[in-house]
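Below is the file upload27.tsv, which contains TSV, C-alpha atoms.
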```
chain	number	residue	atom	x	y	z
A	1	MET	CA	73.32	121.48	119.99
A	2	THR	CA	76.52	120.05	121.44
A	3	VAL	CA	77.24	116.54	120.17
A	4	ALA	CA	79.34	113.57	121.31
A	5	PHE	CA	79.95	110.51	119.16
A	6	VAL	CA	80.10	107.20	121.03
A	7	PHE	CA	81.26	103.76	119.96
A	8	PRO	CA	79.86	100.39	121.18
A	9	GLY	CA	81.68	97.54	122.91
A	10	GLN	CA	81.62	93.76	122.86
A	11	GLY	CA	78.19	92.17	122.79
A	12	SER	CA	76.82	94.52	120.10
A	13	GLN	CA	78.15	92.35	117.24
A	14	THR	CA	75.71	90.57	114.91
A	15	VAL	CA	76.36	88.52	111.80
A	16	GLY	CA	75.57	90.65	108.75
A	17	MET	CA	76.36	94.00	110.37
A	18	GLY	CA	77.82	96.44	107.87
A	19	LYS	CA	76.98	94.25	104.86
A	20	ALA	CA	74.46	96.73	103.43
A	21	LEU	CA	76.81	99.64	104.16
A	22	ALA	CA	79.66	97.93	102.29
A	23	ALA	CA	77.35	97.10	99.36
A	24	ASN	CA	76.04	100.68	99.09
A	25	PHE	CA	79.08	102.80	99.94
A	26	PRO	CA	82.64	102.27	98.64
A	27	ALA	CA	83.95	104.21	101.68
A	28	ALA	CA	82.55	101.51	103.99
A	29	GLN	CA	83.88	98.67	101.83
A	30	ALA	CA	87.31	100.31	101.92
A	31	VAL	CA	87.39	100.16	105.73
A	32	PHE	CA	86.48	96.46	105.83
A	33	SER	CA	89.17	95.80	103.19
A	34	GLU	CA	91.68	97.81	105.24
A	35	VAL	CA	90.94	95.67	108.31
A	36	ASP	CA	91.20	92.44	106.29
A	37	GLU	CA	94.59	93.54	104.98
A	38	ALA	CA	95.84	94.59	108.43
A	39	LEU	CA	94.91	91.21	109.92
A	40	GLY	CA	95.98	89.14	106.92
A	41	GLU	CA	92.62	87.38	106.72
A	42	LYS	CA	89.06	87.97	105.52
A	43	LEU	CA	87.47	89.03	108.80
A	44	SER	CA	84.84	90.82	106.67
A	45	ALA	CA	83.57	87.41	105.46
A	46	VAL	CA	82.99	86.37	109.10
A	47	ILE	CA	81.30	89.73	109.84
A	48	PHE	CA	78.97	89.53	106.83
A	49	GLU	CA	78.29	85.77	106.68
A	50	GLY	CA	79.19	84.27	110.07
A	51	PRO	CA	79.20	81.73	111.60
A	52	ALA	CA	78.06	83.53	114.76
A	53	ASP	CA	80.29	81.54	117.11
A	54	LYS	CA	83.35	82.59	115.10
A	55	LEU	CA	82.33	86.27	115.13
A	56	THR	CA	81.68	86.08	118.90
A	57	LEU	CA	85.27	84.97	119.62
A	58	THR	CA	86.86	87.88	121.48
A	59	GLU	CA	89.78	88.08	119.03
A	60	ASN	CA	87.29	88.55	116.15
A	61	ALA	CA	84.49	90.51	117.85
A	62	GLN	CA	86.81	93.32	118.96
A	63	PRO	CA	88.33	94.25	115.56
A	64	ALA	CA	84.97	93.50	113.87
A	65	LEU	CA	83.08	96.04	115.99
A	66	MET	CA	85.77	98.65	115.40
A	67	ALA	CA	85.59	97.97	111.63
A	68	MET	CA	81.81	98.40	111.70
A	69	SER	CA	82.05	101.69	113.62
A	70	LEU	CA	84.79	103.16	111.41
A	71	ALA	CA	83.04	102.05	108.20
A	72	THR	CA	79.92	103.88	109.40
A	73	LEU	CA	81.92	106.95	110.35
A	74	ARG	CA	83.69	107.11	106.97
A	75	VAL	CA	80.30	107.04	105.22
A	76	LEU	CA	79.01	109.83	107.49
A	77	GLN	CA	82.09	111.87	106.60
A	78	GLN	CA	81.65	111.29	102.89
A	79	GLU	CA	77.86	111.38	102.55
A	80	ALA	CA	76.83	113.83	105.28
A	81	GLY	CA	79.93	116.01	105.44
A	82	LEU	CA	80.64	115.06	109.04
A	83	ASP	CA	83.86	116.57	110.42
A	84	LEU	CA	84.55	115.36	113.97
A	85	LYS	CA	86.93	118.22	114.73
A	86	ARG	CA	84.23	120.73	113.82
A	87	ASP	CA	81.08	118.83	114.76
A	88	ALA	CA	81.92	116.91	117.96
A	89	GLN	CA	82.78	118.10	121.43
A	90	PHE	CA	83.91	114.64	122.55
A	91	VAL	CA	84.23	111.04	121.42
A	92	ALA	CA	84.04	108.05	123.76
A	93	GLY	CA	83.67	104.29	123.53
A	94	HIS	CA	82.71	101.43	125.81
A	95	SER	CA	85.73	99.16	126.49
A	96	LEU	CA	87.01	98.14	123.02
A	97	GLY	CA	84.88	101.04	121.70
A	98	GLU	CA	87.53	103.38	123.12
A	99	TYR	CA	89.87	102.11	120.38
A	100	SER	CA	87.16	102.88	117.79
A	101	ALA	CA	86.79	106.39	119.26
A	102	LEU	CA	90.54	106.94	119.14
A	103	ALA	CA	90.79	105.71	115.54
A	104	ALA	CA	87.82	107.93	114.62
A	105	ALA	CA	89.64	110.93	116.10
A	106	GLY	CA	92.90	110.11	114.32
A	107	ALA	CA	94.97	108.94	117.31
A	108	PHE	CA	95.85	105.85	115.31
A	109	THR	CA	94.94	104.36	111.94
A	110	VAL	CA	92.20	101.81	111.29
A	111	ALA	CA	94.90	99.22	110.51
A	112	GLU	CA	96.68	99.94	113.81
A	113	ALA	CA	93.37	99.73	115.71
A	114	ALA	CA	92.56	96.39	114.05
A	115	ARG	CA	95.93	94.87	114.97
A	116	LEU	CA	95.81	96.24	118.52
A	117	LEU	CA	92.31	94.83	119.05
A	118	ARG	CA	93.26	91.43	117.65
A	119	THR	CA	96.20	91.41	120.11
A	120	ARG	CA	93.93	92.60	122.93
A	121	GLY	CA	91.27	89.98	122.22
A	122	LEU	CA	93.80	87.13	122.13
A	123	ALA	CA	95.60	88.38	125.25
A	124	MET	CA	92.36	88.72	127.23
A	125	GLN	CA	91.29	85.24	126.20
A	126	LYS	CA	94.66	83.71	127.16
A	127	ALA	CA	94.99	85.58	130.48
A	128	VAL	CA	92.63	83.25	132.36
A	129	PRO	CA	91.91	79.56	131.59
A	130	VAL	CA	88.31	78.98	130.45
A	131	GLY	CA	86.06	78.21	133.42
A	132	VAL	CA	88.32	79.86	136.03
A	133	GLY	CA	86.77	83.33	135.78
A	134	ALA	CA	83.25	84.70	135.36
A	135	MET	CA	81.24	87.90	135.04
A	136	ALA	CA	77.79	88.71	136.41
A	137	ALA	CA	75.32	91.54	135.92
A	138	LEU	CA	73.85	93.06	139.06
A	139	LEU	CA	70.72	95.01	138.15
A	140	GLY	CA	69.00	97.53	140.40
A	141	LEU	CA	72.01	98.30	142.59
A	142	GLU	CA	73.90	101.59	142.52
A	143	PHE	CA	77.63	101.44	141.91
A	144	ASP	CA	78.78	101.91	145.52
A	145	VAL	CA	76.48	99.10	146.73
A	146	ALA	CA	77.59	96.79	143.89
A	147	SER	CA	81.26	97.54	144.69
A	148	ALA	CA	80.63	96.66	148.33
A	149	VAL	CA	78.97	93.41	147.22
A	150	ALA	CA	82.04	92.56	145.12
A	151	ALA	CA	84.39	93.30	148.03
A	152	GLU	CA	82.34	91.12	150.39
A	153	ALA	CA	82.22	88.28	147.85
A	154	ALA	CA	85.96	88.30	147.16
A	155	GLN	CA	87.04	86.42	150.33
A	156	GLY	CA	90.67	86.36	149.24
A	157	GLN	CA	89.84	85.86	145.57
A	158	VAL	CA	89.36	88.48	142.83
A	159	CYS	CA	85.91	90.07	142.52
A	160	GLN	CA	85.55	93.66	141.39
A	161	ALA	CA	83.19	96.01	139.58
A	162	ALA	CA	84.11	95.73	135.90
A	163	ASN	CA	81.48	97.92	134.21
A	164	ASP	CA	79.51	100.79	135.74
A	165	ASN	CA	76.99	101.03	132.92
A	166	GLY	CA	74.54	103.40	134.61
A	167	GLY	CA	70.85	103.09	135.41
A	168	GLY	CA	71.63	100.66	138.22
A	169	GLN	CA	73.42	98.22	135.93
A	170	VAL	CA	76.81	97.09	137.24
A	171	VAL	CA	78.84	94.12	136.00
A	172	VAL	CA	81.25	92.35	138.36
A	173	SER	CA	84.18	90.22	137.25
A	174	GLY	CA	86.69	87.85	138.83
A	175	ASP	CA	87.22	84.29	140.04
A	176	LYS	CA	84.16	82.15	139.25
A	177	ALA	CA	83.41	81.16	142.85
A	178	ALA	CA	83.69	84.77	144.04
A	179	VAL	CA	81.41	86.05	141.26
A	180	GLU	CA	78.87	83.33	142.11
A	181	ARG	CA	78.99	84.52	145.75
A	182	ALA	CA	78.43	88.10	144.54
A	183	VAL	CA	75.26	87.03	142.71
A	184	GLU	CA	73.81	85.56	145.93
A	185	ILE	CA	74.92	88.51	148.11
A	186	ALA	CA	73.44	91.00	145.60
A	187	LYS	CA	70.06	89.30	145.79
A	188	GLY	CA	70.14	89.78	149.55
A	189	LYS	CA	70.99	93.49	149.11
A	190	GLY	CA	67.92	94.19	146.99
A	191	ALA	CA	69.16	93.63	143.45
A	192	LYS	CA	66.24	93.29	141.03
A	193	ARG	CA	68.20	90.66	139.14
A	194	ALA	CA	71.66	89.16	139.43
A	195	MET	CA	72.90	86.63	136.91
A	196	LEU	CA	76.07	85.18	135.43
A	197	LEU	CA	76.86	86.38	131.90
A	198	PRO	CA	77.74	84.10	128.97
A	199	VAL	CA	81.29	85.44	128.52
A	200	SER	CA	84.51	83.60	127.76
A	201	ALA	CA	86.75	85.46	130.23
A	202	PRO	CA	86.56	87.77	133.29
A	203	PHE	CA	87.23	91.12	131.62
A	204	HIS	CA	88.18	94.35	133.41
A	205	CYS	CA	89.50	92.85	136.65
A	206	ALA	CA	92.89	92.08	138.20
A	207	LEU	CA	92.93	88.59	136.62
A	208	MET	CA	93.54	90.38	133.29
A	209	GLN	CA	96.99	91.64	134.39
A	210	PRO	CA	98.84	89.39	131.87
A	211	ALA	CA	96.76	90.97	129.09
A	212	ALA	CA	97.54	94.48	130.39
A	213	ALA	CA	101.26	93.66	130.11
A	214	VAL	CA	100.76	92.48	126.51
A	215	MET	CA	98.89	95.68	125.62
A	216	ALA	CA	101.57	97.88	127.20
A	217	GLN	CA	104.08	96.21	124.87
A	218	ALA	CA	101.79	96.42	121.80
A	219	LEU	CA	100.92	100.09	122.36
A	220	ALA	CA	104.62	100.94	122.77
A	221	GLN	CA	105.08	99.89	119.11
A	222	VAL	CA	102.43	102.34	117.84
A	223	SER	CA	102.91	106.07	117.28
A	224	VAL	CA	99.82	107.50	119.01
A	225	LYS	CA	98.89	110.98	117.78
A	226	PRO	CA	96.85	113.59	119.68
A	227	PRO	CA	93.18	112.99	118.72
A	228	VAL	CA	91.43	115.85	116.90
A	229	VAL	CA	88.64	115.68	119.50
A	230	PRO	CA	89.10	114.95	123.24
A	231	VAL	CA	88.46	111.29	124.07
A	232	VAL	CA	86.65	110.61	127.35
A	233	ALA	CA	88.66	107.72	128.79
A	234	ASN	CA	86.88	104.75	130.42
A	235	VAL	CA	89.18	104.53	133.43
A	236	LEU	CA	89.41	108.29	134.08
A	237	ALA	CA	85.88	109.44	133.15
A	238	LYS	CA	87.42	112.63	131.83
A	239	PRO	CA	88.57	113.91	128.42
A	240	ILE	CA	92.21	113.40	127.40
A	241	GLN	CA	94.28	114.26	124.31
A	242	ASP	CA	97.88	113.64	125.38
A	243	PRO	CA	99.27	110.49	123.64
A	244	ALA	CA	101.18	109.27	126.73
A	245	GLN	CA	98.03	109.62	128.84
A	246	ILE	CA	95.99	107.79	126.18
A	247	VAL	CA	98.39	104.83	126.20
A	248	ASP	CA	98.40	104.72	130.01
A	249	ALA	CA	94.57	104.78	130.10
A	250	LEU	CA	94.31	101.97	127.51
A	251	VAL	CA	96.67	99.74	129.50
A	252	LYS	CA	94.84	100.44	132.77
A	253	GLN	CA	91.49	99.81	131.06
A	254	VAL	CA	92.32	96.08	130.66
A	255	THR	CA	92.17	95.51	134.45
A	256	GLY	CA	90.20	98.62	135.44
A	257	THR	CA	86.53	99.55	135.68
A	258	VAL	CA	84.74	100.86	132.60
A	259	ARG	CA	83.25	103.99	134.22
A	260	TRP	CA	80.61	104.49	131.53
A	261	ARG	CA	78.06	106.17	133.81
A	262	GLU	CA	80.61	108.77	134.88
A	263	CYS	CA	81.89	109.22	131.31
A	264	VAL	CA	78.39	110.07	130.05
A	265	ALA	CA	77.68	112.27	133.08
A	266	ALA	CA	80.94	114.17	132.48
A	267	MET	CA	80.02	114.81	128.84
A	268	ALA	CA	76.51	115.93	129.80
A	269	ALA	CA	77.92	118.23	132.50
A	270	ALA	CA	80.21	119.77	129.85
A	271	GLY	CA	77.15	120.66	127.78
A	272	VAL	CA	76.59	117.66	125.49
A	273	THR	CA	72.89	117.38	124.67
A	274	ARG	CA	73.03	114.85	121.83
A	275	PHE	CA	74.84	111.51	121.70
A	276	VAL	CA	75.27	109.68	118.38
A	277	GLU	CA	76.12	105.96	118.61
A	278	VAL	CA	78.22	104.94	115.61
A	279	GLY	CA	78.31	101.30	114.50
A	280	ALA	CA	76.51	98.16	115.64
A	281	GLY	CA	73.32	98.21	117.70
A	282	LYS	CA	71.80	100.67	120.16
A	283	VAL	CA	73.11	99.43	123.52
A	284	LEU	CA	74.86	102.67	124.46
A	285	SER	CA	71.89	104.80	123.41
A	286	GLY	CA	69.74	102.88	125.89
A	287	LEU	CA	72.27	103.34	128.69
A	288	ILE	CA	72.76	107.05	127.94
A	289	LYS	CA	69.02	107.75	128.21
A	290	ARG	CA	69.13	106.41	131.75
A	291	ILE	CA	72.17	108.50	132.71
A	292	ALA	CA	71.83	111.90	131.01
A	293	ASP	CA	68.46	113.45	131.70
A	294	GLY	CA	66.96	115.14	128.66
A	295	ALA	CA	69.76	114.15	126.28
A	296	THR	CA	68.77	112.99	122.82
A	297	THR	CA	70.34	109.88	121.33
A	298	GLY	CA	70.58	108.39	117.88
A	299	ALA	CA	72.24	105.28	116.48
A	300	VAL	CA	73.76	105.11	113.00
A	301	GLY	CA	74.71	101.78	111.44
A	302	THR	CA	72.62	101.19	108.29
A	303	PRO	CA	72.12	102.97	104.95
A	304	GLU	CA	68.72	104.14	106.26
A	305	ASP	CA	70.37	105.62	109.36
A	306	ILE	CA	72.88	107.43	107.13
A	307	ALA	CA	70.03	108.93	105.06
A	308	ALA	CA	68.21	110.06	108.23
A	309	PHE	CA	71.40	111.59	109.68
A	310	LYS	CA	72.04	113.42	106.39
A	311	ALA	CA	68.46	114.73	106.25
A	312	ALA	CA	68.59	115.94	109.87
A	313	ARG	CA	71.84	117.82	109.15
A	314	ALA	CA	70.34	119.44	106.06
A	315	ASN	CA	67.42	120.71	108.14
A	316	ASN	CA	69.59	122.25	110.86
```

Please go through the file and, once you have read it, give me the structure as C-alpha cells.
Amino acid sequence: MTVAFVFPGQGSQTVGMGKALAANFPAAQAVFSEVDEALGEKLSAVIFEGPADKLTLTENAQPALMAMSLATLRVLQQEAGLDLKRDAQFVAGHSLGEYSALAAAGAFTVAEAARLLRTRGLAMQKAVPVGVGAMAALLGLEFDVASAVAAEAAQGQVCQAANDNGGGQVVVSGDKAAVERAVEIAKGKGAKRAMLLPVSAPFHCALMQPAAAVMAQALAQVSVKPPVVPVVANVLAKPIQDPAQIVDALVKQVTGTVRWRECVAAMAAAGVTRFVEVGAGKVLSGLIKRIADGATTGAVGTPEDIAAFKAARANN
C-alpha cells in the first residue's frame, strides 16, 4: 500500500487539540514546548485552554496547527516506528499545512516553521484592512466554471479562485464587493450553495502581495534543506524537493491558488492508495474521498488514533 501523509490548514483548529497527546506522550509535549520557546510565549496554553477567539487569530492558528501536526507525527515516530523516508511516498499540506509537511520531512525545523507561520499569519492579516476583502465558498461548481465566475465578478477589482478543494468545492477571494458579486453570479450558474466565509482576510489572492513580499524576506533567512520525502506543492500540484523551488512555491502560495484537488489527483495517479491526515480534524480526509476514487483515508490526532495506527501497522 502506497501512503501519503497530509497536513490540515486553517479552520481545523479547536481549543483543546493536542492536550491529551501532550499529557500522554512526552514527545508531543516536547513539540509544544519547542513552539512556545520559538515564539517566546505560551501558545500551548491558548491551544489547550483557549479562548477560542484568540486561537482563531491567523497569527496563532497557523503555528498552532503546525504544532499539533508535528506533535502527532513525533508520537507516531516514537510509538509506531513511523519513518517518513521509508514509509511515505509523498507529504502534502493545505495552505499553512504545507509548512507542516515540510517540517515533517525535515526541510526546516519545528522552531523555524513556528516563526515562519507567525510571520505569515501577521503579514496576511496586515496585508488588507479588515472589511476590505472577503472570501466565499462556491459549492457544486467545477473549478473552470468557478474561475470564470470569479473573472466575471472582478469588474476591475480582485476576485480569483483561492482554493480548489475538490468535489465541486471552490473558494474565491478578493475585494469584498467583487466576492459578493461572485456569490450572486455563481447562484445563476447552478451553484448548489454560495456563501461568504467568516474569515478575517482575503487569503490566496493578489491582494496578499504585501504578505508575499514579507514571506520572501523571511524565507531568505532560513536554510531550507531538501525534504526526505517529496512535498507536493500547493501552487504546482507536483512533487518537489529542491530547496530553491520550495521557497519559490511558498512565496507564490501566498497569492496563488491552493490546487488541492490536483495535488491529491497527482498523488493518486502516482500510485498512492492511502492518505493519512496528521493533526487536527478530518477536513482533508473528507475532501480526499471525493477526489481520489477508491483511496482509503485515516486521521490521526488523539491517543486513541495513535493506538489504532500502531495496531494497524502491527497487523500489516

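With only C-alpha atoms as the basis for measurement, A:Thr257 is the residue among A:Val224, A:Arg115, A:Thr257, A:Val235 that approaches A:Gln160 most closely.
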
Subject >> Best match for closeness to A:Thr14 among A:Ala312, A:Val145, A:Val222, A:Ala280, counting only C-alpha atoms >> reply: A:Ala280

Subject >> Computed interatomic separation between atom CA of A:Ala148 and atom CA of A:Ala216 (Å) >> reply: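 Atom CA of A:Ala216 lies 29.8 Å from atom CA of A:Ala148.
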
**OP:** Rank nothing, just name the residue among A:Pro243, A:Pro210, A:Gly133, A:Gly286 nearest to A:Gln169, using all atoms listed in the file.
**Re:** A:Gly286

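The two atoms in question, atom CA of A:Gly81 and atom CA of A:Gly93, are spaced 21.9 Å apart.
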
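Every protein or nucleic acid residue with an atom no more than 9 Å from stretch 29-44 of chain A, counting all atoms listed in the file and leaving out same-chain residues fewer than 2 positions away, appears here: Gly18, Lys19, Leu21, Ala22, Ala23, Asn24, Phe25, Pro26, Ala27, Val46, Ile47, Phe48, Glu49, Leu55, Asn60, Pro63, Ala64, Ala67, Met68, Leu70, Ala71, Arg74, Val110, Ala111, Glu112, Ala113, Ala114, Arg115 and Arg118 of chain A.
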
Original post:
Rounded to one decimal in Å, what is the spacing between atom CA of A:Ala101 and atom CA of A:Asn165?
Top reply: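 Atom-to-atom, atom CA of A:Ala101 and atom CA of A:Asn165 are spaced 17.6 Å apart.
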
Can you report as lines of an AutoDock Vina configuration file the centre and edge lengths in Å, to one decimal, of an axis-aligned box around the listed atoms of stretch 247-257 of chain A padded with 6 Å on each side?
```
center_x = 92.5
center_y = 100.2
center_z = 130.9
size_x = 23.9
size_y = 21.3
size_z = 21.5
```

Show which residues sit within 8 Å of A:Leu84, as an mmCIF file with C-alpha atoms, keeping the file's coordinate frame. Count all atoms listed in the file, and ignore same-chain residues fewer than 2 positions away.
```
data_model
loop_
_atom_site.group_PDB
_atom_site.id
_atom_site.type_symbol
_atom_site.label_atom_id
_atom_site.label_comp_id
_atom_site.auth_asym_id
_atom_site.auth_seq_id
_atom_site.Cartn_x
_atom_site.Cartn_y
_atom_site.Cartn_z
ATOM 1 C CA LEU A 82 80.640 115.060 109.040
ATOM 2 C CA ARG A 86 84.230 120.730 113.820
ATOM 3 C CA ASP A 87 81.080 118.830 114.760
ATOM 4 C CA ALA A 88 81.920 116.910 117.960
ATOM 5 C CA ALA A 105 89.640 110.930 116.100
ATOM 6 C CA VAL A 228 91.430 115.850 116.900
ATOM 7 C CA VAL A 229 88.640 115.680 119.500
#
```

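Selecting by distance to (91.9, 93.5, 122.8) with a limit of 8 Å and using only C-alpha atoms, one obtains A:Thr58, A:Glu59, A:Gln62, A:Leu96, A:Leu116, A:Leu117, A:Arg118, A:Thr119, A:Arg120, A:Gly121, A:Leu122, A:Ala123, A:Met124, A:Met215.
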
Original post:
What lies within 9 Å of A:Val272 using only C-alpha atoms, ignoring chain neighbours under 2 positions off, as a ChimeraX atom specification?
Top reply: /A:1-4,89-90,266-270,274-275,295

Original post:
Out of A:Leu141, A:Leu76, A:Leu102, A:Val172, which residue has the shortest atom-to-atom distance to A:Arg313 when counting all atoms listed in the file?
Top reply: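 That would be A:Leu76, the residue with the smallest distance to A:Arg313.
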
**OP:** Compile the contact shell of A:Met135 as an MDAnalysis selection string: residues with an atom at most 12 Å away, counting only C-alpha atoms, same-chain residues fewer than 5 positions apart removed.
**Re:** chainID A and resid 150 158:163 170:183 194:205 207
